[in-house]
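> Okay, so here is input-v6.csv, and as you'll see once you scroll down, it has CSV, C-alpha atoms.
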```csv
chain,number,residue,atom,x,y,z
A,1,LYS,CA,-69.4,-57.7,35.8
A,2,GLN,CA,-72.1,-57.1,33.2
A,3,GLU,CA,-73.8,-60.3,32.1
A,4,VAL,CA,-76.5,-61.1,29.6
A,5,THR,CA,-78.6,-64.3,30.0
A,6,GLN,CA,-81.0,-65.9,27.5
A,7,ILE,CA,-83.6,-68.5,28.5
A,8,PRO,CA,-84.4,-71.0,27.3
A,9,ALA,CA,-81.2,-72.3,25.6
A,10,ALA,CA,-83.3,-74.3,23.1
A,11,LEU,CA,-87.0,-74.2,22.0
A,12,SER,CA,-89.0,-76.3,19.6
A,13,VAL,CA,-92.5,-75.3,18.5
A,14,PRO,CA,-94.9,-76.2,15.7
A,15,GLU,CA,-95.2,-73.9,12.7
A,16,GLY,CA,-97.7,-71.1,13.0
A,17,GLU,CA,-97.3,-70.5,16.7
A,18,ASN,CA,-96.4,-67.2,18.3
A,19,LEU,CA,-93.4,-67.3,20.5
A,20,VAL,CA,-91.3,-65.2,22.9
A,21,LEU,CA,-87.6,-65.4,23.5
A,22,ASN,CA,-86.2,-63.9,26.7
A,23,CYS,CA,-83.1,-61.9,27.5
A,24,SER,CA,-82.0,-60.5,30.8
A,25,PHE,CA,-79.1,-58.2,31.7
A,26,THR,CA,-77.5,-57.3,35.0
A,27,ASP,CA,-76.8,-53.6,34.6
A,28,SER,CA,-79.6,-51.2,34.0
A,29,ALA,CA,-77.1,-48.6,32.7
A,30,ILE,CA,-77.6,-50.0,29.2
A,31,TYR,CA,-77.2,-47.9,26.1
A,32,ASN,CA,-78.9,-50.1,23.7
A,33,LEU,CA,-79.9,-53.7,23.1
A,34,GLN,CA,-79.6,-55.5,19.8
A,35,TRP,CA,-81.2,-58.8,18.7
A,36,PHE,CA,-79.4,-61.0,16.1
A,37,ARG,CA,-80.1,-64.1,14.2
A,38,GLN,CA,-77.4,-66.7,13.4
A,39,ASP,CA,-77.7,-69.6,11.0
A,40,PRO,CA,-75.4,-72.6,11.4
A,41,GLY,CA,-71.8,-71.7,10.4
A,42,LYS,CA,-72.7,-68.2,9.4
A,43,GLY,CA,-72.2,-64.7,10.7
A,44,LEU,CA,-74.8,-62.7,12.6
A,45,THR,CA,-77.7,-60.9,11.0
A,46,SER,CA,-79.0,-57.8,12.9
A,47,LEU,CA,-82.8,-58.0,13.5
A,48,LEU,CA,-83.7,-55.1,15.8
A,49,LEU,CA,-81.9,-52.5,17.9
A,50,ILE,CA,-83.7,-50.8,20.8
A,51,GLN,CA,-82.2,-47.7,22.3
A,52,SER,CA,-82.4,-47.3,26.1
A,53,SER,CA,-85.0,-44.5,25.6
A,54,GLN,CA,-87.3,-46.8,23.6
A,55,ARG,CA,-89.8,-49.4,24.9
A,56,GLU,CA,-90.1,-51.5,21.7
A,57,GLN,CA,-89.2,-51.9,18.0
A,58,THR,CA,-91.0,-53.7,15.3
A,59,SER,CA,-89.9,-55.2,12.0
A,60,GLY,CA,-92.4,-57.4,10.1
A,61,ARG,CA,-93.3,-60.4,12.3
A,62,LEU,CA,-90.7,-59.4,14.9
A,63,ASN,CA,-91.3,-57.2,17.9
A,64,ALA,CA,-88.6,-56.5,20.5
A,65,SER,CA,-89.3,-54.9,23.9
A,66,LEU,CA,-87.0,-53.4,26.5
A,67,ASP,CA,-87.6,-52.8,30.2
A,68,LYS,CA,-84.6,-51.3,31.8
A,69,SER,CA,-86.0,-51.3,35.3
A,70,SER,CA,-86.4,-55.0,35.3
A,71,GLY,CA,-83.4,-55.7,33.2
A,72,ARG,CA,-85.3,-57.6,30.6
A,73,SER,CA,-85.9,-57.7,26.8
A,74,THR,CA,-88.1,-60.0,24.8
A,75,LEU,CA,-88.3,-60.9,21.1
A,76,TYR,CA,-91.7,-61.8,20.0
A,77,ILE,CA,-92.1,-63.8,16.7
A,78,ALA,CA,-95.6,-63.9,15.3
A,79,ALA,CA,-96.9,-66.8,13.1
A,80,SER,CA,-93.6,-68.7,13.1
A,81,GLN,CA,-92.3,-70.4,10.0
A,82,PRO,CA,-89.7,-73.1,9.4
A,83,GLY,CA,-87.4,-70.5,7.9
A,84,ASP,CA,-87.3,-68.8,11.4
A,85,SER,CA,-85.3,-71.8,12.6
A,86,ALA,CA,-81.9,-70.4,13.8
A,87,THR,CA,-80.1,-69.3,16.9
A,88,TYR,CA,-81.2,-65.9,18.3
A,89,LEU,CA,-78.7,-63.8,20.2
A,90,CYS,CA,-79.3,-60.7,22.3
A,91,ALA,CA,-76.5,-58.3,23.0
A,92,ALA,CA,-76.2,-55.2,25.2
A,93,SER,CA,-74.1,-52.1,24.7
A,94,TYR,CA,-73.0,-50.3,27.9
A,95,SER,CA,-71.0,-47.6,26.3
A,96,GLY,CA,-72.2,-44.0,26.7
A,97,GLY,CA,-72.6,-43.3,23.0
A,98,GLY,CA,-69.2,-44.4,21.9
A,99,ALA,CA,-68.4,-47.6,20.1
A,100,ASP,CA,-67.3,-50.1,22.6
A,101,GLY,CA,-68.1,-53.8,22.1
A,102,LEU,CA,-71.3,-55.7,22.9
A,103,THR,CA,-71.9,-58.1,25.7
A,104,PHE,CA,-73.7,-61.2,24.3
A,105,GLY,CA,-76.0,-63.8,25.7
A,106,LYS,CA,-75.3,-67.4,24.8
A,107,GLY,CA,-78.4,-67.6,22.5
A,108,THR,CA,-81.6,-69.5,22.1
A,109,HIS,CA,-81.6,-72.3,19.5
A,110,LEU,CA,-85.0,-72.2,17.9
A,111,ILE,CA,-86.5,-75.0,15.8
A,112,ILE,CA,-89.8,-74.5,14.0
A,113,GLN,CA,-91.4,-77.9,13.2
A,114,PRO,CA,-93.2,-78.0,9.8
B,1,ASP,CA,-72.9,-54.1,-2.4
B,2,GLY,CA,-72.1,-52.6,1.0
B,3,GLY,CA,-70.9,-55.0,3.7
B,4,ILE,CA,-68.2,-56.7,5.6
B,5,THR,CA,-66.0,-59.4,4.1
B,6,GLN,CA,-63.8,-61.8,6.0
B,7,SER,CA,-61.2,-64.1,4.6
B,8,PRO,CA,-60.4,-66.9,4.5
B,9,LYS,CA,-63.6,-68.7,5.3
B,10,TYR,CA,-61.7,-71.7,6.7
B,11,LEU,CA,-58.1,-71.6,8.1
B,12,PHE,CA,-55.9,-74.4,9.4
B,13,ARG,CA,-52.9,-73.7,11.5
B,14,LYS,CA,-50.1,-75.8,12.9
B,15,GLU,CA,-49.2,-75.3,16.6
B,16,GLY,CA,-46.6,-72.5,17.0
B,17,GLN,CA,-47.6,-70.6,13.9
B,18,ASN,CA,-49.0,-67.1,13.7
B,19,VAL,CA,-51.9,-66.5,11.3
B,20,THR,CA,-53.7,-63.4,10.2
B,21,LEU,CA,-57.4,-63.1,9.6
B,22,SER,CA,-58.6,-60.4,7.2
B,23,CYS,CA,-61.6,-58.1,7.7
B,24,GLU,CA,-62.7,-55.4,5.3
B,25,GLN,CA,-65.7,-53.1,5.3
B,26,ASN,CA,-67.1,-50.7,2.7
B,27,LEU,CA,-69.8,-49.2,5.0
B,28,ASN,CA,-67.7,-46.2,5.8
B,29,HIS,CA,-67.9,-47.2,9.5
B,30,ASP,CA,-65.4,-45.7,12.0
B,31,ALA,CA,-65.6,-48.5,14.5
B,32,MET,CA,-64.5,-52.2,14.0
B,33,TYR,CA,-64.5,-55.2,16.3
B,34,TRP,CA,-63.2,-58.7,16.6
B,35,TYR,CA,-65.2,-61.4,18.5
B,36,ARG,CA,-64.5,-65.0,19.2
B,37,GLN,CA,-67.3,-67.6,19.3
B,38,ASP,CA,-66.9,-71.0,21.1
B,39,PRO,CA,-69.7,-73.6,21.5
B,40,GLY,CA,-71.7,-72.9,24.6
B,41,GLN,CA,-69.9,-69.7,25.4
B,42,GLY,CA,-71.4,-67.1,23.2
B,43,LEU,CA,-69.4,-64.3,21.6
B,44,ARG,CA,-66.5,-62.6,23.4
B,45,LEU,CA,-64.8,-59.4,22.5
B,46,ILE,CA,-61.1,-59.6,21.5
B,47,TYR,CA,-60.2,-56.1,20.3
B,48,TYR,CA,-62.0,-53.1,19.0
B,49,SER,CA,-61.0,-49.9,17.2
B,50,GLN,CA,-63.0,-46.7,17.3
B,51,ILE,CA,-60.8,-44.8,14.8
B,52,VAL,CA,-57.8,-45.3,12.5
B,53,ASN,CA,-54.5,-45.9,14.2
B,54,ASP,CA,-56.2,-46.6,17.6
B,55,PHE,CA,-57.5,-49.8,19.1
B,56,GLN,CA,-58.4,-51.2,22.6
B,57,LYS,CA,-58.2,-54.6,24.2
B,58,GLY,CA,-61.4,-56.4,24.8
B,59,ASP,CA,-62.2,-59.1,27.4
B,60,ILE,CA,-59.9,-61.8,25.9
B,61,ALA,CA,-57.0,-60.0,24.1
B,62,GLU,CA,-54.2,-62.2,25.3
B,63,GLY,CA,-52.5,-64.0,22.4
B,64,TYR,CA,-54.0,-61.7,19.8
B,65,SER,CA,-52.8,-58.6,18.0
B,66,VAL,CA,-54.5,-56.1,15.6
B,67,SER,CA,-53.7,-53.1,13.5
B,68,ARG,CA,-55.9,-50.3,12.1
B,69,GLU,CA,-53.9,-48.5,9.4
B,70,LYS,CA,-56.9,-47.9,7.1
B,71,LYS,CA,-60.5,-47.1,8.0
B,72,GLU,CA,-61.8,-50.1,6.0
B,73,SER,CA,-59.5,-52.8,7.3
B,74,PHE,CA,-58.9,-54.4,10.7
B,75,PRO,CA,-56.8,-57.5,10.5
B,76,LEU,CA,-56.5,-59.9,13.5
B,77,THR,CA,-53.3,-61.9,14.1
B,78,VAL,CA,-53.6,-65.0,16.2
B,79,THR,CA,-50.2,-65.6,17.7
B,80,SER,CA,-48.6,-68.8,19.0
B,81,ALA,CA,-49.1,-67.4,22.5
B,82,GLN,CA,-52.9,-68.0,22.2
B,83,LYS,CA,-53.3,-71.3,24.1
B,84,ASN,CA,-56.6,-72.4,22.5
B,85,PRO,CA,-57.1,-70.6,19.2
B,86,THR,CA,-59.5,-73.1,17.6
B,87,ALA,CA,-62.8,-71.1,17.3
B,88,PHE,CA,-65.1,-69.1,15.0
B,89,TYR,CA,-63.9,-65.5,14.5
B,90,LEU,CA,-66.3,-62.8,13.7
B,91,CYS,CA,-65.6,-59.2,12.6
B,92,ALA,CA,-68.1,-56.4,13.0
B,93,SER,CA,-68.4,-52.7,12.3
B,94,SER,CA,-70.5,-49.7,13.4
B,95,ARG,CA,-70.8,-46.0,13.1
B,96,ARG,CA,-69.2,-44.0,15.9
B,97,LEU,CA,-71.3,-40.9,16.6
B,98,ALA,CA,-72.2,-39.8,20.1
B,99,GLY,CA,-75.9,-40.1,20.8
B,100,ILE,CA,-76.5,-42.2,17.7
B,101,ASN,CA,-77.4,-45.9,17.5
B,102,ASN,CA,-74.3,-47.9,17.2
B,103,GLU,CA,-75.9,-50.9,15.5
B,104,GLN,CA,-73.2,-53.4,14.8
B,105,PHE,CA,-73.1,-55.4,11.5
B,106,PHE,CA,-71.2,-58.6,11.2
B,107,GLY,CA,-69.1,-60.4,8.6
B,108,PRO,CA,-69.6,-64.1,7.6
B,109,GLY,CA,-66.8,-65.3,9.9
B,110,THR,CA,-63.6,-67.3,9.7
B,111,ARG,CA,-63.3,-70.8,11.2
B,112,LEU,CA,-59.8,-71.4,12.5
B,113,THR,CA,-58.7,-74.9,13.4
B,114,VAL,CA,-55.3,-75.7,15.0
B,115,LEU,CA,-53.9,-79.1,13.9
```
Can you present the structure in this file as structure tokens?

Amino acid sequence: KQEVTQIPAALSVPEGENLVLNCSFTDSAIYNLQWFRQDPGKGLTSLLLIQSSQREQTSGRLNASLDKSSGRSTLYIAASQPGDSATYLCAASYSGGGADGLTFGKGTHLIIQP
Amino acid sequence: DGGITQSPKYLFRKEGQNVTLSCEQNLNHDAMYWYRQDPGQGLRLIYYSQIVNDFQKGDIAEGYSVSREKKESFPLTVTSAQKNPTAFYLCASSRRLAGINNEQFFGPGTRLTVL
């Protein structure tokens, strides 16, 4: 069974720090990996998508990496701000280019202290 | 504005009743999805549809039904057979092209509570 795991479940850091969120997956036959942000009571906002052929993607202060051989992805947030406080979810697609569903981790709840 | 809309935002249901959750997208996406989110369990796939008039069961389809009569619409019915329907329901969509990123985009969600 394909599983996605996120550690830690919760993280609290002072404003301005750089931080790394971790995501691991059990099956290296991954098609792509997507990082999302979720604010309380809201839907998911897509942050970054990394294809299996890519090593990393960047968007502003966010950088996501993918290492298929070790089954790991990381989301790096530079110069954290209180507005970054949210739950961050990673999700893997195992389809071969079709449009099957995603397998989600349980998320990391991030709090940035002002 | 292009995007995904879900209605209603909050829904209350009595035990034994069927309810239908609406999902509409104007992104011209072929594929649509329904997920359920419970505290501490993450998102789980209920049903997905890659094209009009076709849909597939996900990991937790029991007690749910869907239809896909139009490209832009993918309603989810929660039937009385669903034993624990109280949850946050999220609809998503993506393009469906082989070899292309299938980035999924999500709606704002519907919170269903069974009284």
> So the first atom is CA of Phe106 in chain B and the second is CA of Glu56 in chain A; what is the distance between them in Å, to one decimal place?
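That distance, rounded to one decimal, is 22.8 Å.
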> Find, counting all atoms listed in the file, the residue in A:Ser93, A:Thr5, A:Ser73, A:Thr103 that gets nearest to Arg55 in chain A.
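Going through A:Ser93, A:Thr5, A:Ser73, A:Thr103 one by one, the smallest distance to Arg55 in chain A is for A:Ser73.
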> Find the spatial neighbours of Asp84 in chain A, counting only C-alpha atoms, within a cut-off of 12 Å - ignore same-chain residues fewer than 5 positions away - and output them as a PyMOL selection string.
chain A and resi 11-19+37-39+47+61-62+76-79+109-114
> Near chain B, meaning an atom within 10 Å, which residues of chain A appear when counting only C-alpha atoms? Write them as JSON, numbers by chain.
{"A": [9, 31, 32, 33, 34, 36, 41, 42, 43, 44, 45, 46, 48, 49, 50, 51, 89, 91, 93, 95, 96, 97, 98, 99, 100, 101, 102, 103, 104, 105, 106, 107]}
> Between CA of Gly60 in chain A and CA of Leu27 in chain B, what is the distance in Å, rounded to a tenth?
24.6 Å
> I'd like the contact shell of Lys70 in chain B - 10 Å cut-off, all atoms listed in the file, skipping same-chain residues fewer than 5 positions apart - returned as a list in words.
Glu24, Ile51, Val52 and Asn53 of chain B
> Pull the neighbourhood of (-49.5, -68.0, 11.0) for me: all residues within 9 Å in file coordinates, counting all atoms listed in the file, as a list of chain:residue names.
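Answer for this query, in the requested form: B:Arg13, B:Lys14, B:Gly16, B:Gln17, B:Asn18, B:Val19, B:Thr20, B:Thr77, B:Val78, B:Thr79, B:Ser80.
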> Between CA of Glu62 in chain B and CA of Gln82 in chain B, what is the distance, to one decimal in Å?
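Separating CA of Glu62 in chain B from CA of Gln82 in chain B is a distance of 6.7 Å.
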> Nearest to Cys23 in chain B among B:Ala87, B:Ser7, B:Leu115, B:Arg68, with distances taken over all atoms listed in the file: which residue is it?
B:Ser7
> Of the residues A:Ser65, A:Ser59, A:Thr108, A:Ser53, which is the one nearest to Ser85 in chain A, using all atoms listed in the file?
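Selected residue with least distance to Ser85 in chain A: A:Thr108.
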> Smallest atom-to-atom distance to Gln2 in chain A: which of A:Ser69, A:Ser28, A:Asn63, A:Thr87, using all atoms listed in the file?
A:Ser28
> Output requested as a PDB file, in the frame of the given file - range 83-94 of chain A, filled out with all heavy atoms.

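Result file is part-v5.pdb:
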```
ATOM      1  N   GLY A  83     -88.555 -71.337   8.247  1.00  0.00           N
ATOM      2  CA  GLY A  83     -87.400 -70.500   7.900  1.00  0.00           C
ATOM      3  C   GLY A  83     -86.939 -69.639   9.091  1.00  0.00           C
ATOM      4  O   GLY A  83     -85.851 -69.050   9.023  1.00  0.00           O
ATOM      5  N   ASP A  84     -87.715 -69.585  10.165  1.00  0.00           N
ATOM      6  CA  ASP A  84     -87.300 -68.800  11.400  1.00  0.00           C
ATOM      7  C   ASP A  84     -86.343 -69.667  12.217  1.00  0.00           C
ATOM      8  O   ASP A  84     -85.774 -69.151  13.187  1.00  0.00           O
ATOM      9  CB  ASP A  84     -88.510 -68.469  12.219  1.00  0.00           C
ATOM     10  CG  ASP A  84     -89.438 -67.483  11.526  1.00  0.00           C
ATOM     11  OD1 ASP A  84     -88.941 -66.679  10.711  1.00  0.00           O
ATOM     12  OD2 ASP A  84     -90.651 -67.536  11.788  1.00  0.00           O
ATOM     13  N   SER A  85     -86.167 -70.933  11.886  1.00  0.00           N
ATOM     14  CA  SER A  85     -85.300 -71.800  12.600  1.00  0.00           C
ATOM     15  C   SER A  85     -83.835 -71.271  12.568  1.00  0.00           C
ATOM     16  O   SER A  85     -83.284 -71.092  11.473  1.00  0.00           O
ATOM     17  CB  SER A  85     -85.318 -73.226  12.111  1.00  0.00           C
ATOM     18  OG  SER A  85     -86.610 -73.775  12.262  1.00  0.00           O
ATOM     19  N   ALA A  86     -83.256 -70.989  13.714  1.00  0.00           N
ATOM     20  CA  ALA A  86     -81.900 -70.400  13.800  1.00  0.00           C
ATOM     21  C   ALA A  86     -81.594 -70.221  15.283  1.00  0.00           C
ATOM     22  O   ALA A  86     -82.415 -70.522  16.147  1.00  0.00           O
ATOM     23  CB  ALA A  86     -81.859 -69.041  13.092  1.00  0.00           C
ATOM     24  N   THR A  87     -80.399 -69.704  15.561  1.00  0.00           N
ATOM     25  CA  THR A  87     -80.100 -69.300  16.900  1.00  0.00           C
ATOM     26  C   THR A  87     -80.242 -67.784  17.033  1.00  0.00           C
ATOM     27  O   THR A  87     -79.774 -67.041  16.160  1.00  0.00           O
ATOM     28  CB  THR A  87     -78.618 -69.683  17.280  1.00  0.00           C
ATOM     29  OG1 THR A  87     -78.507 -71.100  17.267  1.00  0.00           O
ATOM     30  CG2 THR A  87     -78.253 -69.162  18.670  1.00  0.00           C
ATOM     31  N   TYR A  88     -80.930 -67.355  18.073  1.00  0.00           N
ATOM     32  CA  TYR A  88     -81.200 -65.900  18.300  1.00  0.00           C
ATOM     33  C   TYR A  88     -80.379 -65.441  19.468  1.00  0.00           C
ATOM     34  O   TYR A  88     -80.408 -66.025  20.550  1.00  0.00           O
ATOM     35  CB  TYR A  88     -82.699 -65.716  18.529  1.00  0.00           C
ATOM     36  CG  TYR A  88     -83.504 -65.957  17.277  1.00  0.00           C
ATOM     37  CD1 TYR A  88     -83.842 -67.245  16.882  1.00  0.00           C
ATOM     38  CD2 TYR A  88     -83.886 -64.894  16.460  1.00  0.00           C
ATOM     39  CE1 TYR A  88     -84.546 -67.474  15.709  1.00  0.00           C
ATOM     40  CE2 TYR A  88     -84.596 -65.114  15.294  1.00  0.00           C
ATOM     41  CZ  TYR A  88     -84.912 -66.410  14.922  1.00  0.00           C
ATOM     42  OH  TYR A  88     -85.607 -66.631  13.752  1.00  0.00           O
ATOM     43  N   LEU A  89     -79.640 -64.369  19.235  1.00  0.00           N
ATOM     44  CA  LEU A  89     -78.700 -63.800  20.200  1.00  0.00           C
ATOM     45  C   LEU A  89     -79.175 -62.397  20.595  1.00  0.00           C
ATOM     46  O   LEU A  89     -79.557 -61.617  19.716  1.00  0.00           O
ATOM     47  CB  LEU A  89     -77.312 -63.750  19.683  1.00  0.00           C
ATOM     48  CG  LEU A  89     -76.673 -65.088  19.319  1.00  0.00           C
ATOM     49  CD1 LEU A  89     -75.522 -64.899  18.347  1.00  0.00           C
ATOM     50  CD2 LEU A  89     -76.169 -65.780  20.568  1.00  0.00           C
ATOM     51  N   CYS A  90     -79.106 -62.078  21.869  1.00  0.00           N
ATOM     52  CA  CYS A  90     -79.300 -60.700  22.300  1.00  0.00           C
ATOM     53  C   CYS A  90     -77.952 -60.165  22.800  1.00  0.00           C
ATOM     54  O   CYS A  90     -77.129 -60.942  23.325  1.00  0.00           O
ATOM     55  CB  CYS A  90     -80.392 -60.501  23.295  1.00  0.00           C
ATOM     56  SG  CYS A  90     -80.038 -61.130  24.933  1.00  0.00           S
ATOM     57  N   ALA A  91     -77.726 -58.879  22.643  1.00  0.00           N
ATOM     58  CA  ALA A  91     -76.500 -58.300  23.000  1.00  0.00           C
ATOM     59  C   ALA A  91     -76.701 -56.872  23.536  1.00  0.00           C
ATOM     60  O   ALA A  91     -77.478 -56.122  22.934  1.00  0.00           O
ATOM     61  CB  ALA A  91     -75.472 -58.269  21.877  1.00  0.00           C
ATOM     62  N   ALA A  92     -76.025 -56.509  24.618  1.00  0.00           N
ATOM     63  CA  ALA A  92     -76.200 -55.200  25.200  1.00  0.00           C
ATOM     64  C   ALA A  92     -74.969 -54.339  25.033  1.00  0.00           C
ATOM     65  O   ALA A  92     -73.839 -54.833  25.092  1.00  0.00           O
ATOM     66  CB  ALA A  92     -76.492 -55.358  26.721  1.00  0.00           C
ATOM     67  N   SER A  93     -75.213 -53.055  24.800  1.00  0.00           N
ATOM     68  CA  SER A  93     -74.100 -52.100  24.700  1.00  0.00           C
ATOM     69  C   SER A  93     -74.197 -51.227  25.989  1.00  0.00           C
ATOM     70  O   SER A  93     -75.244 -50.676  26.326  1.00  0.00           O
ATOM     71  CB  SER A  93     -74.282 -51.199  23.507  1.00  0.00           C
ATOM     72  OG  SER A  93     -73.355 -50.133  23.552  1.00  0.00           O
ATOM     73  N   TYR A  94     -73.085 -51.128  26.679  1.00  0.00           N
ATOM     74  CA  TYR A  94     -73.000 -50.300  27.900  1.00  0.00           C
ATOM     75  C   TYR A  94     -72.242 -49.056  27.732  1.00  0.00           C
ATOM     76  O   TYR A  94     -71.987 -48.343  28.682  1.00  0.00           O
ATOM     77  CB  TYR A  94     -72.442 -51.169  29.037  1.00  0.00           C
ATOM     78  CG  TYR A  94     -73.325 -52.309  29.469  1.00  0.00           C
ATOM     79  CD1 TYR A  94     -73.120 -53.588  28.994  1.00  0.00           C
ATOM     80  CD2 TYR A  94     -74.383 -52.094  30.341  1.00  0.00           C
ATOM     81  CE1 TYR A  94     -73.947 -54.642  29.380  1.00  0.00           C
ATOM     82  CE2 TYR A  94     -75.208 -53.139  30.743  1.00  0.00           C
ATOM     83  CZ  TYR A  94     -74.983 -54.402  30.253  1.00  0.00           C
ATOM     84  OH  TYR A  94     -75.802 -55.429  30.651  1.00  0.00           O
TER      85      TYR A  94
END
```
